[in-house]
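First the structure, in the form of structure tokens, and then the observations on it.
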Amino acid sequence: MPNDQSPLPPFSAPYAPDDRTIAAGLLETARFDAAGEQRVDHTATRLIEAIRANDDPLGGVEDMLREFALSTKEGLALMVLAEALLRVPDARTADQFIEDKLGQGDFVHHETRSSAFLVNASAWALGMSARVIQPGETPQGTIGRLTKRLGAPAVRAATRQAMRLMGNHFVLGETIEAALARAQPHSSRHRRYSFDMLGEGARTAADAARYQNSYASAIEAIGRMVGEGSLPDRPGISVKLSALHPRFEAVSRARVITELVPRLIDLARQAKAHDLNFTVDAEEADRLELSLDVITAAFRDPSLAGWDGFGLAIQAYQKRASAAIGYVDDLARRLNRRMMVRLVKGAYWDTEIKRAQERGLDGYPVFTRKAMTDLNYVGCARQLLALRPRLFPQFATHNALTVATVLELAGGESGFEFQRLHGMGEALYAKLAEDRPEIACRTYAPVGSHRDLLAYLVRRLLENGANSSFVALAADEAVPVTALLRRPADIIGSADHAGHPNIPLPRDLYRPRRTNSRGLEFGERAALDALVAAVAAEPLPAAARGVDATPEEANAAISAARVGFENWSRTPAGTRASALERAADLLEQRAAHFMALLQREGGKTLDDAQSEVREAVDFCRYYAAEGRGQFGDSKAMPGPTGESNVLRLRGRGVFAAISPWNFPLAIFSGQIAAALMAGNAVVAKPAEQTPLIAAEAVSLLHEAGVPSSALHLVQGDGRIGAALVAHADIAGVVFTGSTEVARTINRALAAKDGPIVPLIAETGGINAMIVDATALPEQVADDVVTSAFRSAGQRCSALRLLFLQDDVADRMIEMIAGAAHELRIGDPGDPATHIGPVIDVEAKQRLDAHIARMKTEARTHFAGIAPPGNYVAPHIFELSDADQLTEEIFGPVLHVVRYRADRLDQILQSIERSGFGLTLGIHSRIDDMVEAVIDRLSVGNIYVNRNMIGAVVGVQPFGGHGLSGTGPKAGGPHYLARFATEQTVTINTAAAGGNAALLAGGE
């Protein structure tokens, strides 16, 4: 067939199709005939028996997983130690970290079940270290006593050595040369290798260049050392696209295609020159379409014609796996080329589940039941084998039943191989080689330093260490072999059971109280294109009603609201709640309209605009749900015989709601919704910079059923707000804005005669983040850049002051500055824009003045370049002392302060002295440190990153504005907030073990 160079339509498949539909199709073809089922049982049983008979004196990863299961405290502690310890440079932090983790499990009395050297040596080292740590000792006191009893250096060295022992069994070599030397004696026609250069995705251009060079050097080294033979009997290399570009994201598609495709082609040409297998690894679901765009563009390059080594990995836990296989087959067919396809089960399950929930998607892009992943794997294997020889299937699995099933599907024909991870599956594939010597197996071998092991190691532990995984059960003699032979189709039973009963759909996350706000995935091209078109097509209203009200008009609005209060306060709570719920529904239906307003009037980027609409929706639903319970039926209270004590809650009167311009829809709607649900009438005064958004929001609330007599809008500057506050009939004020204005309002209310008027105020502040040496730099960079610079730094909760432990500060600052450099500043209507304009000329002038002063008083680490207009580029300044920053700087300016590990208390004191307590961020793997900081500081919203999976999964730092589904964050004061100080702690652990038993990937 001649090459077809006509454009291939881009990959398109529903991002999160219904599990039941997929299951119904898979279940129809899941069974072999009786003889085939018997052959599968026979093959799988022999493989399982070989696993159980394994007596490897060194031991491997499976031994560690069995010894320290992730369902145990010891297993979790070991996972965290393995992920972070070797990157901690200073002794003090390492000692505290070791004590913190070893104290969480019983390593002292742990009786090893394995005779393997790896397990026994690691258990001994950990037990020895834990033995000298006495219960109840504090980190500070323990370190001193450790030195007396054994010596802190010995404890530290023993624990580090245990981690290195594990590393040696996960990593083939710390350099490609070492890995090749170790692999060489074991290589043969049917024992192949694919090398993976360890490392996370690039955050900076320097990272991308370093990874590019690493891949290129590895390809050359592999090519020099391999002998004769032809594909597929040749070694290979795996590459991550996210390692080759710092903004590998769907909204930056044009830039990625322009910059990344040539890099990928260069590497592929090198691999072709040595006739190697060159595989593009799979990544998160939101990158699938972009990955296929890049792969397609590279694969079509004429310089790669005649080479059969180009390949990619496809994840069977993704519901679009079959569609992706069909797409790459069409690509190979059009170009009359062959392609290798590695079928894996998947390694980002926790991330995918959490991301879909946060984004309020209609469904999940991955299966929520492990058996569905296994069933889909078999279906994809059947599809791949039917497409031979155009596609060369590579089946990556450690599951004996899966291996046996693939062999039966292959029907005795060649043209495929199995793959296993280095350090895993050795006994299984040794037995397979003995029984079926013609079957090839390739070892996926990580290469890199133990420091770089981090996220890779944890993903492997998580995907294969769940207590439901085959790897965890295969060697357990207590588990009958028949249980391991149970088919995925039998476990699922019917299509109605395809989804996990304990994992609700993202929309149902908060049911039965309320529905999660609806979002969309920008990684789904069809959805993104439709949204962009809809937003662009929205016309602006001609003018905002009621702009520039006079004080007399403001007074008239209050008087009218006072009359309206009489009826509204007597309206049943259920009716009030229903009106807010209808408003939420209307906001979702008209999301494009309000996003257009937010972009054009508020300068919001597309993702910020979507987040704000969702937050407004959430506020309406949240307060409706809370109000149904608190303002519904009267609550009888206990009392003496003959008495009837009843508790009722009702509105206070007319509330003045004064909202800011930085969240002109979410905070505006949240204030109003809270006050209305409590039975109050509202006179709302929005910021003068965003009148159109406010007018449209009030109109929508009226349409939803809120009487116009109960909700009034007055527009104008601060003088109108002052008039509202001063009015005698105002029964309460809810305000979000500057601390200075809040104090002015407080004084004005306190000076009034009559009933005491409550003030619910949320102001900004000098929001801080503390980062210690256990934190992963990539995660820190992601959170810092998002919090400090996105929304042009114009969030009340934005990061202003970053405290970095000095032992790791240089590397952290370098990565944060490099990541900031990659942000695109410009037109907020362009989906590729990360930072839009600041709100007005005055805001820009204030920020420019501060930046100019910082350039003379502080060390400049990064100074971005802004385009003409009201744009302010990100800046990073290092202060000598936190006290240099005395006020909130409301824009994309980050201030950094270094601290010594033994002077953390001084940092906490400086945060206390600042007088601000809106938000706080903590990046640490040391639980004792985290809990001590939370207990010490009276901060409203605390974001803790203990994430152990290597990639931050979407939580916006500090919770804060724009994070959906979180209830009454700072932007929407709770109507009961005046009775107590609220604190919200968001702990991002992602895959800390709670979901491990439900893992849908692995093996």
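Residues in the structure tokens are numbered from 1 in each chain, the chains being A, B, ... in the order shown, and ligands are numbered from 1 in the order shown.
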- Pick out the residues sitting within 12 Å of Gln909 in chain A, and hand them over as number ranges by chain; count only C-alpha atoms, and ignore anything fewer than 4 positions along from it in its own chain. A: 882-883, 903-905, 913-915, 933, 936-938
Using the selection just defined, write its residues with C-alpha atoms as a compact mmCIF listing (two decimals), in the first residue's frame.
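Saved result, part_7.txt, follows:
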```txt
# COMPACT_ATOMS: atom_id res chain seq x y z
CA ALA A 882 10.54 38.49 56.37
CA ASP A 883 9.93 41.79 58.18
CA ARG A 903 15.29 28.11 63.28
CA LEU A 904 11.84 27.12 62.08
CA ASP A 905 10.36 28.55 65.26
CA ARG A 913 3.86 38.90 64.02
CA SER A 914 2.60 39.77 60.54
CA GLY A 915 -0.93 39.92 61.92
CA VAL A 933 2.80 24.28 62.41
CA ARG A 936 0.86 26.83 66.29
CA LEU A 937 -0.59 29.19 63.69
CA SER A 938 -4.16 30.51 63.71
```
- Task: Compile the contact shell of Leu86 in chain A as an MDAnalysis selection string: residues with an atom at most 12 Å away, counting only C-alpha atoms, same-chain residues fewer than 3 positions apart removed.
- Result: chainID A and resid 80:83 89:91 93:95 97:98 156:157 159:167 449:454 773:776
Only N, CA and C atoms, please: the residues just picked out, written as a CSV table (one decimal), in the first residue's frame.
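Final file, selection_1.csv:
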```csv
chain,number,residue,atom,x,y,z
A,80,VAL,N,7.2,6.4,52.0
A,80,VAL,CA,7.5,7.8,52.2
A,80,VAL,C,9.0,8.0,52.3
A,81,LEU,N,9.6,7.2,53.1
A,81,LEU,CA,11.1,7.2,53.3
A,81,LEU,C,11.8,7.0,51.9
A,82,ALA,N,11.4,6.0,51.2
A,82,ALA,CA,12.0,5.7,49.9
A,82,ALA,C,11.8,6.9,49.0
A,83,GLU,N,10.7,7.6,49.0
A,83,GLU,CA,10.4,8.6,48.1
A,83,GLU,C,11.3,9.9,48.4
A,89,PRO,N,19.4,16.9,52.1
A,89,PRO,CA,20.9,17.1,52.2
A,89,PRO,C,21.4,17.3,53.6
A,90,ASP,N,20.5,17.8,54.5
A,90,ASP,CA,21.1,18.1,55.8
A,90,ASP,C,20.7,17.1,56.9
A,91,ALA,N,21.6,16.9,57.8
A,91,ALA,CA,21.5,15.9,58.8
A,91,ALA,C,20.3,16.1,59.7
A,93,THR,N,17.3,17.6,59.3
A,93,THR,CA,16.0,17.3,58.7
A,93,THR,C,15.9,15.8,58.4
A,94,ALA,N,17.0,15.2,58.0
A,94,ALA,CA,17.0,13.7,57.7
A,94,ALA,C,16.7,13.0,59.0
A,95,ASP,N,17.3,13.4,60.1
A,95,ASP,CA,17.0,12.7,61.4
A,95,ASP,C,15.6,12.8,61.8
A,97,PHE,N,13.0,13.4,59.9
A,97,PHE,CA,12.2,12.6,58.9
A,97,PHE,C,12.3,11.1,59.2
A,98,ILE,N,13.4,10.6,59.5
A,98,ILE,CA,13.6,9.2,59.8
A,98,ILE,C,12.8,8.8,61.1
A,156,ARG,N,21.2,7.5,60.8
A,156,ARG,CA,21.0,8.0,59.5
A,156,ARG,C,21.6,7.2,58.4
A,157,ALA,N,22.8,6.7,58.6
A,157,ALA,CA,23.5,5.9,57.6
A,157,ALA,C,22.8,4.6,57.4
A,159,THR,N,19.6,3.9,57.8
A,159,THR,CA,18.3,4.1,57.1
A,159,THR,C,18.6,4.4,55.6
A,160,ARG,N,19.5,5.3,55.4
A,160,ARG,CA,19.9,5.6,54.0
A,160,ARG,C,20.3,4.4,53.2
A,161,GLN,N,21.1,3.5,53.9
A,161,GLN,CA,21.5,2.3,53.2
A,161,GLN,C,20.4,1.4,52.9
A,162,ALA,N,19.4,1.3,53.8
A,162,ALA,CA,18.2,0.5,53.5
A,162,ALA,C,17.5,1.1,52.2
A,163,MET,N,17.5,2.4,52.1
A,163,MET,CA,16.8,2.9,50.9
A,163,MET,C,17.7,2.6,49.6
A,164,ARG,N,19.0,2.7,49.8
A,164,ARG,CA,19.8,2.4,48.6
A,164,ARG,C,19.7,0.9,48.2
A,165,LEU,N,19.6,0.0,49.2
A,165,LEU,CA,19.3,-1.4,48.9
A,165,LEU,C,18.1,-1.6,48.0
A,166,MET,N,17.0,-0.8,48.4
A,166,MET,CA,15.8,-0.9,47.6
A,166,MET,C,16.1,-0.3,46.2
A,167,GLY,N,16.8,0.8,46.2
A,167,GLY,CA,17.1,1.4,44.9
A,167,GLY,C,17.8,0.5,44.0
A,449,SER,N,20.1,8.0,39.1
A,449,SER,CA,20.6,8.0,40.5
A,449,SER,C,19.5,7.6,41.5
A,450,HIS,N,19.9,7.2,42.7
A,450,HIS,CA,18.9,6.9,43.7
A,450,HIS,C,18.1,8.2,44.0
A,451,ARG,N,18.7,9.3,43.9
A,451,ARG,CA,17.9,10.6,44.2
A,451,ARG,C,16.8,10.7,43.2
A,452,ASP,N,17.0,10.3,42.0
A,452,ASP,CA,16.0,10.4,40.9
A,452,ASP,C,15.0,9.3,41.0
A,453,LEU,N,15.2,8.3,41.8
A,453,LEU,CA,14.2,7.2,41.9
A,453,LEU,C,12.8,7.6,42.3
A,454,LEU,N,12.8,8.4,43.3
A,454,LEU,CA,11.6,9.1,43.9
A,454,LEU,C,10.3,8.6,43.4
A,773,ALA,N,13.3,20.5,53.5
A,773,ALA,CA,14.2,19.8,52.6
A,773,ALA,C,13.6,18.5,52.1
A,774,THR,N,12.5,18.0,52.7
A,774,THR,CA,11.9,16.8,52.3
A,774,THR,C,11.0,17.0,51.1
A,775,ALA,N,10.7,18.2,50.8
A,775,ALA,CA,9.7,18.5,49.7
A,775,ALA,C,10.3,18.2,48.3
A,776,LEU,N,9.5,17.8,47.4
A,776,LEU,CA,10.0,17.5,46.0
A,776,LEU,C,10.0,18.8,45.2
```
Kindly provide the residues of range 189-208 of chain A that approach range 415-420 of chain A to within 10 Å, each paired with its closest atom pair and their distance in Å to one decimal, based on only C-alpha atoms, listed by chain and increasing number, as JSON lines.
```
{"residue": "A:His190", "atom": "CA", "partner": "A:Glu417", "partner_atom": "CA", "distance": 8.7}
{"residue": "A:Arg191", "atom": "CA", "partner": "A:Gln419", "partner_atom": "CA", "distance": 9.6}
{"residue": "A:Arg192", "atom": "CA", "partner": "A:Gln419", "partner_atom": "CA", "distance": 8.8}
{"residue": "A:Tyr193", "atom": "CA", "partner": "A:Gln419", "partner_atom": "CA", "distance": 8.8}
{"residue": "A:Ser194", "atom": "CA", "partner": "A:Gln419", "partner_atom": "CA", "distance": 9.0}
```
- Query: Residues at most 8 Å from range 659-663 of chain A, counting only C-alpha atoms, excluding those fewer than 5 positions away in the same chain, as a VMD selection string?
  - Reply: chain A and resid 602 612 668 671 684 to 690 735 to 737 794 to 795 839 961
For C-alpha atoms, I'd like the residues from the last selection saved as a PDB file, in the first residue's frame.
```pdb
ATOM      1  CA  GLY A 602     -12.157  41.094  34.851  1.00  0.00           C
ATOM      2  CA  GLU A 612     -14.876  31.177  39.129  1.00  0.00           C
ATOM      3  CA  PHE A 668     -20.305  38.520  44.866  1.00  0.00           C
ATOM      4  CA  GLN A 671     -21.999  36.817  49.867  1.00  0.00           C
ATOM      5  CA  ALA A 684     -25.284  44.414  46.961  1.00  0.00           C
ATOM      6  CA  LYS A 685     -22.554  46.845  45.979  1.00  0.00           C
ATOM      7  CA  PRO A 686     -19.970  45.324  43.659  1.00  0.00           C
ATOM      8  CA  ALA A 687     -16.571  46.752  42.820  1.00  0.00           C
ATOM      9  CA  GLU A 688     -16.747  49.719  40.471  1.00  0.00           C
ATOM     10  CA  GLN A 689     -14.394  47.933  38.027  1.00  0.00           C
ATOM     11  CA  THR A 690     -16.802  45.053  37.347  1.00  0.00           C
ATOM     12  CA  PHE A 735     -17.275  42.604  53.084  1.00  0.00           C
ATOM     13  CA  THR A 736     -14.333  41.259  51.111  1.00  0.00           C
ATOM     14  CA  GLY A 737     -11.495  43.626  50.323  1.00  0.00           C
ATOM     15  CA  GLN A 794      -4.768  38.865  42.243  1.00  0.00           C
ATOM     16  CA  ARG A 795      -6.201  36.333  44.646  1.00  0.00           C
ATOM     17  CA  ILE A 839      -7.374  45.026  36.903  1.00  0.00           C
ATOM     18  CA  HIS A 961     -10.752  31.140  45.421  1.00  0.00           C
TER      19      HIS A 961
END
```
- Message: Need to verify the contact set: range 426-428 of chain A, 8 Å, only C-alpha atoms, exclusion of same-chain residues closer than 5 positions in sequence. Can you return it as a VMD selection string?
- Response: chain A and resid 47 to 48 50 to 51 54 398 400
Can you spit out the residues from that selection as a compact mmCIF listing (two decimals), in the first residue's frame, using C-alpha atoms?
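Listed below is the output, again.txt:
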```txt
# COMPACT_ATOMS: atom_id res chain seq x y z
CA LEU A 47 3.33 -19.68 36.47
CA ILE A 48 1.80 -19.13 39.91
CA ALA A 50 6.80 -20.98 39.93
CA ILE A 51 6.28 -17.68 41.73
CA ASN A 54 10.91 -18.89 43.97
CA HIS A 398 3.23 -9.29 36.04
CA ALA A 400 0.08 -14.79 35.53
```
- Message: Taking 6 positions as the minimum chain separation for residues in the same chain, which residues sit within 10 Å of range 317-324 of chain A when counting only C-alpha atoms? Answer as a count of residues only.
- Response: 46
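Shortest separation to Leu8 in chain A among A:Asn567, A:Thr296, A:Thr744, A:Ser291 occurs at residue A:Thr296, atoms counted being only C-alpha atoms.
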- Query: Where in range 763-989 of chain A does DSSP assign strand (DSSP E or B), given as a PyMOL selection string?
  - Reply: chain A and resi 763+768-771+801-805+825+835+859-863+875-878+893-899+919-923+941-945+984-988
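Proximity to Ala313 in chain A was assessed for A:Leu484, A:Ala728, A:Leu241, A:Ala625 counting only C-alpha atoms; the smallest distance is recorded for A:Leu241.
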Could the residues of range 316-390 of chain A that have an atom at most 6 Å from range 513-536 of chain A be listed as a tab-separated table, each with its closest atom pair and the distance in Å to one decimal, counting only C-alpha atoms and ordered by chain and ascending residue number?
```
residue	atom	partner	partner_atom	distance
A:Arg359	CA	A:Gly519	CA	5.3
A:Gly360	CA	A:Arg518	CA	4.7
A:Leu361	CA	A:Gly519	CA	5.6
```
- Query: Neighbours of range 587-600 of chain A within 9 Å (only C-alpha atoms; same-chain residues fewer than 3 positions away dropped), as number ranges by chain?
  - Reply: A: 517-519, 531-532, 534-540, 582-584, 603-606, 608-610, 612-614, 616-617, 663-665, 690, 692-693, 696-697, 700, 828-829, 836
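Nearest-residue note for Val328 in chain A: choosing from A:Arg507, A:Arg382, A:Arg390, A:His850, the minimum distance belongs to A:Arg390, counting only C-alpha atoms.
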- Query: Could you pull out the helix (DSSP H, G or I) residues of range 760-946 of chain A from DSSP and send them as a PyMOL selection string?
  - Reply: chain A and resi 777-793+809-821+841-857+882-884+901-914+927-936
